[in-house]
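Okay, upload24.cif is below, mmCIF, C-alpha atoms and all ligand atoms:
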```
data_work
loop_
_atom_site.group_PDB
_atom_site.id
_atom_site.type_symbol
_atom_site.label_atom_id
_atom_site.label_comp_id
_atom_site.auth_asym_id
_atom_site.auth_seq_id
_atom_site.Cartn_x
_atom_site.Cartn_y
_atom_site.Cartn_z
ATOM 1 C CA MET A 117 23.071 -6.335 19.757
ATOM 2 C CA SER A 118 25.321 -9.320 19.121
ATOM 3 C CA SER A 119 26.435 -10.223 15.630
ATOM 4 C CA TYR A 120 24.003 -13.138 15.900
ATOM 5 C CA TYR A 121 21.181 -10.675 15.452
ATOM 6 C CA ASN A 122 22.997 -8.475 13.008
ATOM 7 C CA LYS A 123 21.280 -8.357 9.643
ATOM 8 C CA THR A 124 24.561 -7.459 8.020
ATOM 9 C CA HIS A 125 25.537 -11.058 8.755
ATOM 10 C CA THR A 126 23.719 -12.213 5.670
ATOM 11 C CA GLY A 127 25.294 -15.617 5.318
ATOM 12 C CA ALA A 128 25.461 -14.597 1.652
ATOM 13 C CA ALA A 129 28.531 -16.721 1.097
ATOM 14 C CA LEU A 130 26.597 -19.817 2.069
ATOM 15 C CA SER A 131 25.059 -21.598 -0.861
ATOM 16 C CA ARG A 132 23.216 -24.521 0.596
ATOM 17 C CA GLU A 133 22.183 -27.431 -1.528
ATOM 18 C CA PRO A 134 18.423 -27.890 -1.610
ATOM 19 C CA THR A 135 17.035 -30.920 0.166
ATOM 20 C CA ALA A 136 14.730 -33.415 -1.525
ATOM 21 C CA ARG A 137 11.832 -31.413 -0.111
ATOM 22 C CA THR A 138 13.044 -28.004 -1.258
ATOM 23 C CA THR A 139 14.197 -28.871 -4.772
ATOM 24 C CA VAL A 140 11.954 -26.989 -7.177
ATOM 25 C CA ARG A 141 10.610 -29.550 -9.624
ATOM 26 C CA ARG A 142 7.901 -27.609 -11.476
ATOM 27 C CA ARG A 143 9.752 -24.998 -13.625
ATOM 28 C CA ALA A 144 13.010 -26.102 -12.036
ATOM 29 C CA GLY A 145 14.952 -23.319 -13.802
ATOM 30 C CA ARG A 146 13.192 -20.787 -11.586
ATOM 31 C CA GLY A 147 14.534 -22.383 -8.410
ATOM 32 C CA ARG A 148 17.173 -20.433 -6.458
ATOM 33 C CA TYR A 149 19.014 -21.707 -3.436
ATOM 34 C CA GLU A 150 21.770 -19.143 -2.772
ATOM 35 C CA ARG A 151 21.397 -17.655 0.661
ATOM 36 C CA ALA A 152 21.840 -14.113 -0.727
ATOM 37 C CA THR A 153 18.738 -14.478 -2.939
ATOM 38 C CA ILE A 154 16.689 -16.059 -0.162
ATOM 39 C CA ASN A 155 17.745 -13.372 2.333
ATOM 40 C CA ALA A 156 17.007 -10.522 -0.067
ATOM 41 C CA ILE A 157 13.443 -11.761 -0.618
ATOM 42 C CA LEU A 158 12.878 -12.309 3.095
ATOM 43 C CA ASP A 159 14.231 -8.856 3.905
ATOM 44 C CA GLU A 160 12.033 -7.126 1.328
ATOM 45 C CA GLY A 161 8.830 -8.928 2.336
ATOM 46 C CA LEU A 162 6.651 -7.850 5.236
ATOM 47 C CA VAL A 163 4.079 -10.617 5.506
ATOM 48 C CA GLY A 164 4.660 -14.347 5.501
ATOM 49 C CA HIS A 165 2.137 -17.161 5.519
ATOM 50 C CA VAL A 166 2.829 -19.845 8.093
ATOM 51 C CA ALA A 167 1.268 -23.210 7.360
ATOM 52 C CA PHE A 168 0.869 -25.841 10.026
ATOM 53 C CA VAL A 169 -1.475 -28.711 10.810
ATOM 54 C CA SER A 170 -3.700 -28.619 13.882
ATOM 55 C CA ASP A 171 -6.018 -31.531 14.688
ATOM 56 C CA GLY A 172 -5.466 -32.874 11.196
ATOM 57 C CA GLN A 173 -6.564 -29.626 9.546
ATOM 58 C CA PRO A 174 -3.972 -27.550 7.609
ATOM 59 C CA TYR A 175 -4.022 -23.789 8.235
ATOM 60 C CA ALA A 176 -1.988 -21.060 6.498
ATOM 61 C CA MET A 177 -1.950 -17.918 8.602
ATOM 62 C CA PRO A 178 -0.515 -14.528 7.593
ATOM 63 C CA MET A 179 2.089 -13.189 10.007
ATOM 64 C CA LEU A 180 4.750 -10.537 10.324
ATOM 65 C CA TYR A 181 8.261 -11.909 10.562
ATOM 66 C CA ALA A 182 11.873 -10.801 10.486
ATOM 67 C CA ARG A 183 15.183 -12.360 9.622
ATOM 68 C CA ALA A 184 18.280 -12.092 11.772
ATOM 69 C CA GLY A 185 21.256 -13.896 10.300
ATOM 70 C CA ASP A 186 20.250 -17.493 9.719
ATOM 71 C CA HIS A 187 17.034 -17.270 11.723
ATOM 72 C CA ILE A 188 13.496 -16.118 11.142
ATOM 73 C CA TYR A 189 11.542 -14.753 14.089
ATOM 74 C CA LEU A 190 7.772 -14.825 14.471
ATOM 75 C CA HIS A 191 5.761 -13.460 17.374
ATOM 76 C CA GLY A 192 2.239 -13.315 18.742
ATOM 77 C CA SER A 193 -0.029 -14.064 21.647
ATOM 78 C CA PRO A 194 0.804 -17.221 23.614
ATOM 79 C CA LEU A 195 -2.966 -17.696 23.820
ATOM 80 C CA SER A 196 -3.386 -18.209 20.082
ATOM 81 C CA ARG A 197 -3.639 -21.650 18.531
ATOM 82 C CA LEU A 198 -1.082 -20.555 15.957
ATOM 83 C CA LEU A 199 1.619 -19.575 18.451
ATOM 84 C CA GLY A 200 0.785 -22.557 20.649
ATOM 85 C CA SER A 201 1.353 -24.906 17.720
ATOM 86 C CA LEU A 202 4.588 -23.238 16.692
ATOM 87 C CA ALA A 203 5.935 -23.198 20.262
ATOM 88 C CA GLY A 204 5.093 -26.908 20.449
ATOM 89 C CA GLU A 205 7.588 -27.457 17.612
ATOM 90 C CA ALA A 206 4.950 -28.487 15.104
ATOM 91 C CA PRO A 207 6.342 -28.885 11.564
ATOM 92 C CA LEU A 208 5.719 -25.670 9.676
ATOM 93 C CA CYS A 209 6.128 -24.073 6.289
ATOM 94 C CA LEU A 210 6.702 -20.321 5.973
ATOM 95 C CA THR A 211 6.077 -18.729 2.581
ATOM 96 C CA VAL A 212 6.964 -15.155 1.655
ATOM 97 C CA THR A 213 5.821 -13.788 -1.701
ATOM 98 C CA LEU A 214 6.805 -10.605 -3.514
ATOM 99 C CA LEU A 215 4.471 -9.946 -6.425
ATOM 100 C CA ASP A 216 6.433 -8.023 -9.073
ATOM 101 C CA GLY A 217 3.952 -7.905 -11.922
ATOM 102 C CA LEU A 218 1.127 -9.314 -13.940
ATOM 103 C CA VAL A 219 2.198 -11.129 -17.086
ATOM 104 C CA LEU A 220 -0.450 -10.742 -19.764
ATOM 105 C CA ALA A 221 -0.105 -13.231 -22.571
ATOM 106 C CA ARG A 222 -1.795 -13.522 -25.952
ATOM 107 C CA SER A 223 -3.771 -16.527 -24.732
ATOM 108 C CA ALA A 224 -5.598 -16.848 -21.430
ATOM 109 C CA PHE A 225 -3.706 -20.080 -20.811
ATOM 110 C CA HIS A 226 -0.265 -18.441 -20.745
ATOM 111 C CA HIS A 227 -1.074 -15.581 -18.384
ATOM 112 C CA SER A 228 1.255 -15.561 -15.413
ATOM 113 C CA VAL A 229 2.823 -13.383 -12.733
ATOM 114 C CA ASN A 230 6.352 -12.202 -12.095
ATOM 115 C CA TYR A 231 7.380 -12.936 -8.556
ATOM 116 C CA ARG A 232 10.064 -13.734 -6.048
ATOM 117 C CA SER A 233 9.040 -16.165 -3.344
ATOM 118 C CA VAL A 234 10.642 -18.153 -0.561
ATOM 119 C CA VAL A 235 9.537 -21.349 1.128
ATOM 120 C CA VAL A 236 11.123 -22.301 4.469
ATOM 121 C CA LEU A 237 10.512 -25.684 6.080
ATOM 122 C CA GLY A 238 11.260 -26.513 9.682
ATOM 123 C CA ARG A 239 10.052 -26.507 13.235
ATOM 124 C CA GLY A 240 9.713 -23.497 15.456
ATOM 125 C CA ARG A 241 11.562 -23.084 18.747
ATOM 126 C CA ALA A 242 10.045 -21.059 21.565
ATOM 127 C CA VAL A 243 12.504 -18.299 22.463
ATOM 128 C CA ARG A 244 12.292 -17.764 26.223
ATOM 129 C CA GLU A 245 15.744 -16.441 27.073
ATOM 130 C CA PRO A 246 15.055 -12.738 27.837
ATOM 131 C CA ALA A 247 18.027 -11.231 25.962
ATOM 132 C CA GLU A 248 17.338 -13.238 22.807
ATOM 133 C CA LYS A 249 13.619 -12.532 23.087
ATOM 134 C CA LEU A 250 14.155 -8.801 23.409
ATOM 135 C CA ALA A 251 16.638 -8.717 20.549
ATOM 136 C CA ALA A 252 14.312 -10.769 18.339
ATOM 137 C CA LEU A 253 11.350 -8.491 19.046
ATOM 138 C CA ARG A 254 13.496 -5.511 18.216
ATOM 139 C CA THR A 255 14.474 -7.208 14.967
ATOM 140 C CA ILE A 256 10.794 -7.607 14.061
ATOM 141 C CA VAL A 257 10.048 -3.944 14.852
ATOM 142 C CA GLU A 258 13.067 -2.809 12.853
ATOM 143 C CA HIS A 259 12.138 -5.022 9.920
ATOM 144 C CA VAL A 260 8.660 -3.535 9.740
ATOM 145 C CA SER A 261 9.738 0.067 10.381
ATOM 146 C CA PRO A 262 13.501 0.726 10.469
ATOM 147 C CA GLY A 263 14.443 3.154 13.252
ATOM 148 C CA ARG A 264 11.171 2.623 15.086
ATOM 149 C CA SER A 265 12.672 0.886 18.120
ATOM 150 C CA ALA A 266 14.619 4.061 18.913
ATOM 151 C CA ASP A 267 11.406 6.125 18.681
ATOM 152 C CA ALA A 268 8.927 3.891 20.504
ATOM 153 C CA ARG A 269 8.883 2.699 24.117
ATOM 154 C CA GLY A 270 10.384 -0.753 24.477
ATOM 155 C CA PRO A 271 8.392 -3.719 25.856
ATOM 156 C CA SER A 272 7.814 -3.965 29.602
ATOM 157 C CA GLU A 273 8.416 -7.214 31.457
ATOM 158 C CA GLN A 274 4.682 -7.833 31.429
ATOM 159 C CA GLU A 275 4.490 -7.226 27.674
ATOM 160 C CA LEU A 276 7.406 -9.578 27.123
ATOM 161 C CA GLU A 277 5.577 -12.212 29.159
ATOM 162 C CA ALA A 278 2.491 -11.702 27.021
ATOM 163 C CA THR A 279 4.432 -12.306 23.804
ATOM 164 C CA GLU A 280 5.401 -15.700 22.438
ATOM 165 C CA LEU A 281 8.511 -15.540 20.309
ATOM 166 C CA ILE A 282 9.344 -18.290 17.835
ATOM 167 C CA GLY A 283 12.699 -18.858 16.173
ATOM 168 C CA LEU A 284 12.970 -20.782 12.931
ATOM 169 C CA ALA A 285 16.375 -21.791 11.586
ATOM 170 C CA LEU A 286 16.873 -21.062 7.902
ATOM 171 C CA ASP A 287 18.232 -24.547 7.315
ATOM 172 C CA GLU A 288 15.865 -25.790 4.643
ATOM 173 C CA ALA A 289 14.717 -23.126 2.226
ATOM 174 C CA SER A 290 14.180 -22.456 -1.443
ATOM 175 C CA ALA A 291 13.386 -19.440 -3.563
ATOM 176 C CA LYS A 292 11.585 -19.325 -6.872
ATOM 177 C CA VAL A 293 11.774 -16.369 -9.226
ATOM 178 C CA ARG A 294 9.935 -15.521 -12.427
ATOM 179 C CA THR A 295 10.904 -12.495 -14.490
ATOM 180 C CA GLY A 296 10.293 -11.304 -18.034
ATOM 181 C CA PRO A 297 7.583 -11.265 -20.678
ATOM 182 C CA PRO A 298 4.894 -13.859 -21.300
ATOM 183 C CA VAL A 299 5.836 -17.096 -22.981
ATOM 184 C CA ASP A 300 3.164 -17.740 -25.578
ATOM 185 C CA ALA A 301 2.568 -20.698 -27.864
ATOM 186 C CA PRO A 302 4.573 -20.104 -31.097
ATOM 187 C CA GLU A 303 1.481 -19.766 -33.275
ATOM 188 C CA ASP A 304 -0.043 -17.143 -30.951
ATOM 189 C CA TYR A 305 2.718 -14.534 -31.486
ATOM 190 C CA ALA A 306 0.940 -13.533 -34.729
ATOM 191 C CA LEU A 307 -2.329 -12.753 -32.906
ATOM 192 C CA PRO A 308 -3.424 -9.083 -32.766
ATOM 193 C CA VAL A 309 -3.489 -9.164 -28.958
ATOM 194 C CA TRP A 310 -1.493 -6.843 -26.702
ATOM 195 C CA ALA A 311 0.870 -8.786 -24.491
ATOM 196 C CA GLY A 312 3.372 -7.703 -21.889
ATOM 197 C CA GLU A 313 4.007 -7.037 -18.225
ATOM 198 C CA LEU A 314 2.157 -4.839 -15.772
ATOM 199 C CA PRO A 315 4.630 -4.105 -12.971
ATOM 200 C CA LEU A 316 3.280 -4.069 -9.433
ATOM 201 C CA ARG A 317 4.911 -2.805 -6.256
ATOM 202 C CA LEU A 318 4.061 -2.038 -2.675
ATOM 203 C CA THR A 319 4.088 1.707 -2.044
ATOM 204 C CA VAL A 320 4.062 3.716 1.164
ATOM 205 C CA GLY A 321 1.562 6.574 1.326
ATOM 206 C CA GLU A 322 1.714 9.813 3.309
ATOM 207 C CA PRO A 323 1.793 9.242 7.085
ATOM 208 C CA VAL A 324 -1.569 9.892 8.790
ATOM 209 C CA THR A 325 -0.971 11.206 12.308
ATOM 210 C CA ASP A 326 -3.081 9.713 15.107
ATOM 211 C CA PRO A 327 -5.650 12.393 16.081
ATOM 212 C CA ARG A 328 -4.460 11.955 19.701
ATOM 213 C CA CYS A 329 -0.824 12.595 18.742
ATOM 214 C CA THR A 330 0.703 16.087 18.766
ATOM 215 C CA GLU A 331 4.244 14.985 17.891
ATOM 216 C CA PRO A 332 5.760 15.716 14.485
ATOM 217 C CA VAL A 333 6.290 12.810 12.075
ATOM 218 C CA PRO A 334 9.733 11.429 12.952
ATOM 219 C CA GLU A 335 12.529 11.078 10.451
ATOM 220 C CA SER A 336 12.329 7.262 10.622
ATOM 221 C CA VAL A 337 8.721 7.387 9.404
ATOM 222 C CA ARG A 338 9.378 10.026 6.726
ATOM 223 C CA ARG A 339 12.189 7.873 5.356
ATOM 224 C CA GLU A 340 9.709 5.045 4.721
ATOM 225 C CA ARG A 341 8.293 6.884 1.730
ATOM 226 C CA GLY A 342 11.597 6.642 -0.076
ATOM 227 C CA ARG A 343 12.231 3.081 1.060
ATOM 228 C CA ARG A 344 9.250 1.424 -0.528
ATOM 229 C CA GLY A 345 7.498 4.043 -2.619
HETATM 230 C C1 LIG B 401 2.419 -15.115 -6.613
HETATM 231 C C2 LIG B 401 2.484 -16.523 -7.134
HETATM 232 C C3 LIG B 401 1.405 -17.029 -7.821
HETATM 233 C C4 LIG B 401 1.434 -18.323 -8.298
HETATM 234 N N1 LIG B 401 0.333 -18.803 -8.930
HETATM 235 C C5 LIG B 401 0.300 -20.085 -9.311
HETATM 236 C C6 LIG B 401 -0.874 -20.631 -9.896
HETATM 237 O O1 LIG B 401 -1.895 -19.962 -10.043
HETATM 238 N N2 LIG B 401 -0.847 -21.927 -10.285
HETATM 239 C C7 LIG B 401 0.265 -22.698 -10.109
HETATM 240 O O2 LIG B 401 0.233 -23.877 -10.473
HETATM 241 N N3 LIG B 401 1.384 -22.213 -9.557
HETATM 242 C C8 LIG B 401 1.427 -20.928 -9.156
HETATM 243 N N4 LIG B 401 2.568 -20.429 -8.581
HETATM 244 C C9 LIG B 401 3.730 -21.307 -8.483
HETATM 245 C C10 LIG B 401 3.584 -22.189 -7.225
HETATM 246 O O3 LIG B 401 4.056 -21.448 -6.096
HETATM 247 C C11 LIG B 401 4.394 -23.473 -7.307
HETATM 248 O O4 LIG B 401 5.750 -23.177 -7.543
HETATM 249 C C12 LIG B 401 3.893 -24.404 -8.414
HETATM 250 O O5 LIG B 401 2.495 -24.544 -8.381
HETATM 251 C C13 LIG B 401 4.485 -25.787 -8.280
HETATM 252 O O6 LIG B 401 4.010 -26.387 -7.080
HETATM 253 P P1 LIG B 401 4.533 -27.812 -6.702
HETATM 254 O O7 LIG B 401 4.028 -28.154 -5.338
HETATM 255 O O8 LIG B 401 4.266 -28.746 -7.823
HETATM 256 O O9 LIG B 401 6.090 -27.472 -6.617
HETATM 257 P P2 LIG B 401 7.332 -28.378 -6.616
HETATM 258 O O10 LIG B 401 8.273 -27.872 -7.649
HETATM 259 O O11 LIG B 401 7.021 -29.830 -6.564
HETATM 260 O O12 LIG B 401 7.902 -27.946 -5.179
HETATM 261 C C14 LIG B 401 9.015 -28.601 -4.608
HETATM 262 C C15 LIG B 401 9.707 -27.638 -3.686
HETATM 263 O O13 LIG B 401 10.130 -26.499 -4.445
HETATM 264 C C16 LIG B 401 10.035 -25.328 -3.659
HETATM 265 N N5 LIG B 401 9.069 -24.398 -4.281
HETATM 266 C C17 LIG B 401 8.032 -24.656 -5.075
HETATM 267 N N6 LIG B 401 7.367 -23.529 -5.403
HETATM 268 C C18 LIG B 401 8.013 -22.529 -4.778
HETATM 269 C C19 LIG B 401 7.822 -21.145 -4.724
HETATM 270 N N7 LIG B 401 6.833 -20.532 -5.383
HETATM 271 N N8 LIG B 401 8.673 -20.397 -3.990
HETATM 272 C C20 LIG B 401 9.714 -20.973 -3.326
HETATM 273 N N9 LIG B 401 9.954 -22.297 -3.345
HETATM 274 C C21 LIG B 401 9.110 -23.052 -4.066
HETATM 275 C C22 LIG B 401 9.513 -25.754 -2.288
HETATM 276 O O14 LIG B 401 10.615 -25.938 -1.418
HETATM 277 C C23 LIG B 401 8.820 -27.049 -2.589
HETATM 278 O O15 LIG B 401 8.747 -27.879 -1.466
HETATM 279 C C24 LIG B 401 2.574 -19.130 -8.106
HETATM 280 C C25 LIG B 401 3.675 -18.624 -7.403
HETATM 281 C C26 LIG B 401 3.628 -17.326 -6.913
HETATM 282 C C27 LIG B 401 4.798 -16.820 -6.148
#
```
Would you give me this structure, written as structure tokens?
Ligand SMILES: Cc1cc2nc3c(=O)[nH]c(=O)nc-3n(C[C@H](O)[C@H](O)[C@H](O)COP(=O)(O)OP(=O)(O)OC[C@H]3O[C@@H](n4cnc5c(N)ncnc54)[C@H](O)[C@@H]3O)c2cc1C
Amino acid sequence: MSSYYNKTHTGAALSREPTARTTVRRRAGRGRYERATINAILDEGLVGHVAFVSDGQPYAMPMLYARAGDHIYLHGSPLSRLLGSLAGEAPLCLTVTLLDGLVLARSAFHHSVNYRSVVVLGRGRAVREPAEKLAALRTIVEHVSPGRSADARGPSEQELEATELIGLALDEASAKVRTGPPVDAPEDYALPVWAGELPLRLTVGEPVTDPRCTEPVPESVRRERGRRG
């Protein structure tokens, strides 16, 4: 795999200025633009929501994704409206959200959530060059389940044909982060109401072997428990 696809090339040193479109205005202090913060959120997330407009109607569709260096890769069936729109270089917005906790305030009004989220704006690019396509698909598999591409059969030519691969440059992106306790109205701190945070996290359960599988659970799958749990 070339360094282009190497996740260790984080671009962390790059701190891009936000554009007019990616400057966080509401709660501006929660805006983050350093590439290291944006990459860390993207690398921890599994599902992104891709918003695009088709026939004048906005859609926001959940998708798997993966980051490789300064690119995001998305994939799916070339027959889907979603992939067709993205391959046609329609303007898109990808949002990835990590929900870290519920923030329970003394008043209903000040309830909130702790989160880390990223918004990426841009246009997709259909990746058709076989080596890049293969590497990008591998990146997606590895993002979802590290080590899995060594365990599973790789895609055949026919399967590659049946997969649309979209690249999205991480040129215009923002992150927004909320941490900490609720922020109540000053007079409400005297109320006899419990307030605080309820942490949330995504956990990995015990692997459930396919009834048609007689193979032992591989190390790459067993490791998942420690990775997210
Ligand atoms: C899990 C979760 C739940 C939320 N719930 C609510 C809710 O119920 N009500 C509510 O009003 N807001 C909620 N927010 C915050 C919401 O995402 C917006 O930040 C907020 O509503 C301001 O929207 P805006 O369009 O006015 O943002 P603006 O500040 O005008 O956005 C300008 C630019 O800032 C960036 N930006 C804005 N928000 C985000 C973000 N969350 N992540 C990364 N970049 C961002 C984008 O690049 C955007 O184009 C929630 C956020 C998360 C992650």
_Within 9 Å of (8.7, -5.6, 23.3) in the file's own coordinates, which protein, DNA or RNA residues have an atom, counting only C-alpha atoms? List them as JSON, numbers by chain._
{"A": [249, 250, 251, 253, 254, 257, 269, 270, 271, 272, 273, 275, 276, 279]}
message: Between atom CA of A:Val140 and atom O15 of ligand LIG 401 (chain B), what is the distance in Å, rounded to a tenth?
response: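 Straight-line distance from atom CA of A:Val140 to atom O15 of ligand LIG 401 (chain B) works out to 6.6 Å.
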Quick one: 8 Å padding each side, axis-aligned, all listed atoms of ligand LIG 401 (chain B) - centre and edge lengths in Å to one decimal, as lines of an AutoDock Vina configuration file?
```
center_x = 4.4
center_y = -22.5
center_z = -5.9
size_x = 28.5
size_y = 30.7
size_z = 25.1
```
Original post:
Which is closer to ligand LIG 401 (chain B) than all the others in A:Arg344, A:Arg137, A:Arg317, A:Arg148, using all atoms listed in the file?
Top reply: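 Closest residue, counting all atoms listed in the file: A:Arg137.
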Please expand the PyMOL selection byres (((not hetatm)) within 9 of (chain B and resi 401)) into the concrete residues it hits in this file, giving the result as a PyMOL selection string. chain A and resi 134-144+146-148+211-216+228-237+288-294
Mind pulling up the distance from atom CA of A:His187 to atom CA of A:Ala285?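 One can read the atom CA of A:Ala285 to atom CA of A:His187 distance as 4.6 Å.
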Residue nearest A:Asp287 among A:Val333, A:Ile188, A:Val324, A:Leu202 (counting only C-alpha atoms)
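Distance minimum relative to A:Asp287 lands on A:Ile188.
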Q.
If we count only C-alpha atoms and set the cut-off at 12 Å, which residues sit around A:Val320, ignoring sequence neighbours fewer than 3 positions away in its own chain? Please answer as a count of residues only.
A. 13
Reconstruct stretch 188-196 of chain A at the level of all heavy atoms, and format the result as a CSV table (one decimal), keeping the file's coordinate frame.
```csv
chain,number,residue,atom,x,y,z
A,188,ILE,N,14.7,-16.9,11.3
A,188,ILE,CA,13.5,-16.1,11.1
A,188,ILE,C,12.9,-16.0,12.5
A,188,ILE,O,12.8,-17.0,13.3
A,188,ILE,CB,12.5,-16.8,10.2
A,188,ILE,CG1,13.1,-17.0,8.8
A,188,ILE,CG2,11.2,-16.2,10.2
A,188,ILE,CD1,12.9,-15.8,8.0
A,189,TYR,N,12.3,-14.9,12.8
A,189,TYR,CA,11.5,-14.8,14.1
A,189,TYR,C,10.1,-14.4,13.8
A,189,TYR,O,9.8,-13.6,12.9
A,189,TYR,CB,12.2,-13.7,15.0
A,189,TYR,CG,13.5,-14.2,15.6
A,189,TYR,CD1,14.7,-13.7,15.1
A,189,TYR,CD2,13.5,-15.1,16.6
A,189,TYR,CE1,15.9,-14.2,15.6
A,189,TYR,CE2,14.7,-15.6,17.1
A,189,TYR,CZ,15.9,-15.1,16.6
A,189,TYR,OH,17.1,-15.6,17.1
A,190,LEU,N,9.2,-15.1,14.6
A,190,LEU,CA,7.8,-14.8,14.5
A,190,LEU,C,7.3,-14.5,15.9
A,190,LEU,O,7.9,-15.0,16.8
A,190,LEU,CB,7.1,-16.1,14.0
A,190,LEU,CG,7.6,-16.7,12.7
A,190,LEU,CD1,7.1,-18.2,12.6
A,190,LEU,CD2,7.1,-15.9,11.5
A,191,HIS,N,6.2,-13.7,16.0
A,191,HIS,CA,5.8,-13.5,17.4
A,191,HIS,C,4.2,-13.4,17.4
A,191,HIS,O,3.6,-13.2,16.4
A,191,HIS,CB,6.4,-12.2,17.9
A,191,HIS,CG,5.7,-10.9,17.4
A,191,HIS,ND1,5.5,-10.6,16.1
A,191,HIS,CD2,5.1,-9.9,18.1
A,191,HIS,CE1,4.9,-9.5,16.0
A,191,HIS,NE2,4.6,-9.0,17.2
A,192,GLY,N,3.7,-13.4,18.6
A,192,GLY,CA,2.2,-13.3,18.7
A,192,GLY,C,1.8,-13.7,20.1
A,192,GLY,O,2.6,-13.9,21.0
A,193,SER,N,0.5,-13.8,20.3
A,193,SER,CA,0.0,-14.1,21.6
A,193,SER,C,0.2,-15.5,22.0
A,193,SER,O,-0.1,-16.4,21.2
A,193,SER,CB,-1.5,-13.8,21.7
A,193,SER,OG,-2.1,-14.4,22.8
A,194,PRO,N,0.7,-15.8,23.2
A,194,PRO,CA,0.8,-17.2,23.6
A,194,PRO,C,-0.6,-17.9,23.7
A,194,PRO,O,-0.6,-19.1,23.8
A,194,PRO,CB,1.5,-17.1,25.0
A,194,PRO,CG,1.5,-15.7,25.4
A,194,PRO,CD,1.1,-14.9,24.2
A,195,LEU,N,-1.6,-17.1,23.7
A,195,LEU,CA,-3.0,-17.7,23.8
A,195,LEU,C,-3.5,-18.2,22.5
A,195,LEU,O,-4.5,-18.9,22.4
A,195,LEU,CB,-3.9,-16.6,24.4
A,195,LEU,CG,-3.6,-16.0,25.7
A,195,LEU,CD1,-4.6,-15.0,26.1
A,195,LEU,CD2,-3.5,-17.1,26.8
A,196,SER,N,-2.8,-17.8,21.4
A,196,SER,CA,-3.4,-18.2,20.1
A,196,SER,C,-3.0,-19.7,19.7
A,196,SER,O,-2.0,-20.1,20.1
A,196,SER,CB,-2.9,-17.3,19.0
A,196,SER,OG,-1.6,-17.6,18.6
```
